[in-house]
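Just structure.pdb here, PDB, C-alpha atoms, pLDDT in the B column:
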MODEL        1
ATOM      1  CA  MET A  13       8.411   3.839  -7.998  1.00 61.00           C
ATOM      2  CA  SER A  14      10.462   6.798  -9.216  1.00 84.00           C
ATOM      3  CA  ILE A  15      10.456   8.432  -5.754  1.00 85.00           C
ATOM      4  CA  PHE A  16      11.958   5.210  -4.380  1.00 84.00           C
ATOM      5  CA  ASN A  17      14.715   5.308  -7.000  1.00 89.00           C
ATOM      6  CA  GLU A  18      15.443   8.973  -6.206  1.00 90.00           C
ATOM      7  CA  ILE A  19      15.704   8.375  -2.456  1.00 85.00           C
ATOM      8  CA  LEU A  20      17.910   5.315  -2.861  1.00 87.00           C
ATOM      9  CA  THR A  21      20.150   7.016  -5.429  1.00 88.00           C
ATOM     10  CA  ASN A  22      20.583  10.061  -3.167  1.00 87.00           C
ATOM     11  CA  SER A  23      21.529   7.836  -0.269  1.00 85.00           C
ATOM     12  CA  LEU A  24      24.084   5.960  -2.368  1.00 84.00           C
ATOM     13  CA  LYS A  25      25.559   9.170  -3.805  1.00 86.00           C
ATOM     14  CA  HIS A  26      25.604  11.430  -0.765  1.00 85.00           C
ATOM     15  CA  ALA A  27      25.384   9.467   2.489  1.00 86.00           C
ATOM     16  CA  PHE A  28      28.899   8.069   2.534  1.00 85.00           C
ATOM     17  CA  LYS A  29      32.317   9.469   1.708  1.00 83.00           C
ATOM     18  CA  GLU A  30      34.155   7.847  -1.194  1.00 83.00           C
ATOM     19  CA  GLY A  31      35.462   4.416  -0.174  1.00 85.00           C
ATOM     20  CA  GLU A  32      33.542   4.492   3.113  1.00 86.00           C
ATOM     21  CA  ALA A  33      31.480   1.422   3.980  1.00 89.00           C
ATOM     22  CA  GLY A  34      27.908   1.880   5.094  1.00 90.00           C
ATOM     23  CA  LYS A  35      24.523   0.262   5.399  1.00 93.00           C
ATOM     24  CA  ILE A  36      21.166   1.184   3.903  1.00 92.00           C
ATOM     25  CA  TRP A  37      17.916  -0.256   5.242  1.00 93.00           C
ATOM     26  CA  ILE A  38      14.738  -0.418   3.193  1.00 92.00           C
ATOM     27  CA  LYS A  39      11.391  -1.338   4.695  1.00 94.00           C
ATOM     28  CA  MET A  40       8.086  -1.408   2.880  1.00 92.00           C
ATOM     29  CA  LYS A  41       4.810  -2.136   4.632  1.00 95.00           C
ATOM     30  CA  LYS A  42       1.241  -2.222   3.386  1.00 95.00           C
ATOM     31  CA  LYS A  43      -1.356  -0.796   5.738  1.00 92.00           C
ATOM     32  CA  GLY A  44      -4.871  -0.873   4.310  1.00 96.00           C
ATOM     33  CA  ASP A  45      -4.747   0.901   0.958  1.00 96.00           C
ATOM     34  CA  ASP A  46      -1.508   2.707   1.833  1.00 96.00           C
ATOM     35  CA  ILE A  47       2.090   1.620   1.443  1.00 92.00           C
ATOM     36  CA  LYS A  48       4.652   2.927   3.914  1.00 93.00           C
ATOM     37  CA  LEU A  49       8.253   3.157   2.698  1.00 89.00           C
ATOM     38  CA  LYS A  50      11.125   3.699   5.112  1.00 91.00           C
ATOM     39  CA  LEU A  51      14.702   4.135   3.971  1.00 89.00           C
ATOM     40  CA  ALA A  52      17.503   4.752   6.456  1.00 90.00           C
ATOM     41  CA  ASP A  53      21.296   4.655   6.468  1.00 91.00           C
ATOM     42  CA  ASN A  54      24.061   4.783   9.041  1.00 91.00           C
ATOM     43  CA  SER A  55      25.862   7.801   7.615  1.00 88.00           C
ATOM     44  CA  GLY A  56      26.971  10.731   9.735  1.00 81.00           C
ATOM     45  CA  GLY A  57      23.904  12.754   8.765  1.00 80.00           C
ATOM     46  CA  PHE A  58      23.728  16.282   7.444  1.00 79.00           C
ATOM     47  CA  PRO A  59      26.638  18.667   7.998  1.00 78.00           C
ATOM     48  CA  ASP A  60      26.139  21.361  10.671  1.00 85.00           C
ATOM     49  CA  ASN A  61      25.861  24.113   8.043  1.00 89.00           C
ATOM     50  CA  PHE A  62      23.169  22.338   5.988  1.00 82.00           C
TER
ENDMDL
END

As structure tokens, please, write out the structure in this file.
Amino acid sequence: MSIFNEILTNSLKHAFKEGEAGKIWIKMKKKGDDIKLKLADNSGGFPDNF
């Protein structure tokens, strides 16, 4: 689960400007022997010079 923690922490730290409200969606789905994890947020995305 450490990759999950890393992704969530990065979203919390970097997706939103200080004091800015935002949403984070987490979806986990089992398909056969695999688990699919989707994490998304409603931030502005990466800067143009990224």

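The space separating CA of Trp37 in chain A from CA of Leu49 in chain A comes to 10.6 Å.
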
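Shortest atom-to-atom contact with His26 in chain A among A:Ser14, A:Gly56, A:Asp46, A:Lys41: A:Gly56, counting all atoms listed in the file.
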
Of the listed residues A:Pro59, A:Ile36, A:Asp45, A:Lys50, that which approaches Ser23 in chain A most closely, counting only C-alpha atoms:
A:Ile36

All file atoms of range 30-39 of chain A boxed axis-aligned, 4 Å per side, centre plus edges, as JSON:
{"center_x": 23.4, "center_y": 3.3, "center_z": 2.1, "size_x": 32.1, "size_y": 17.2, "size_z": 14.6}

Excluding same-chain residues fewer than 3 positions from Phe28 in chain A, what lies within 10 Å of it counting only C-alpha atoms, as a list in words?
Ser23, Leu24, Lys25, Gly31, Glu32, Ala33, Gly34, Lys35, Asp53, Asn54, Ser55, Gly56 and Gly57 of chain A

Mind pulling up the distance from CA of Ile15 in chain A to CA of Asp60 in chain A?
26.1 Å

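Reported to one decimal place, the separation of CA of Asn61 in chain A from CA of Lys29 in chain A is 17.2 Å.
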
Excluding Phe16 in chain A and any residue of its chain fewer than 4 positions from it, enumerate the residues within 9 Å of it, using all atoms listed in the file, and give them as a PDB file with C-alpha atoms, in the frame of the given file.
ATOM      1  CA  LEU A  20      17.910   5.315  -2.861  1.00 87.00           C
ATOM      2  CA  THR A  21      20.150   7.016  -5.429  1.00 88.00           C
ATOM      3  CA  LEU A  49       8.253   3.157   2.698  1.00 89.00           C
ATOM      4  CA  LEU A  51      14.702   4.135   3.971  1.00 89.00           C
TER       5      LEU A  51
END
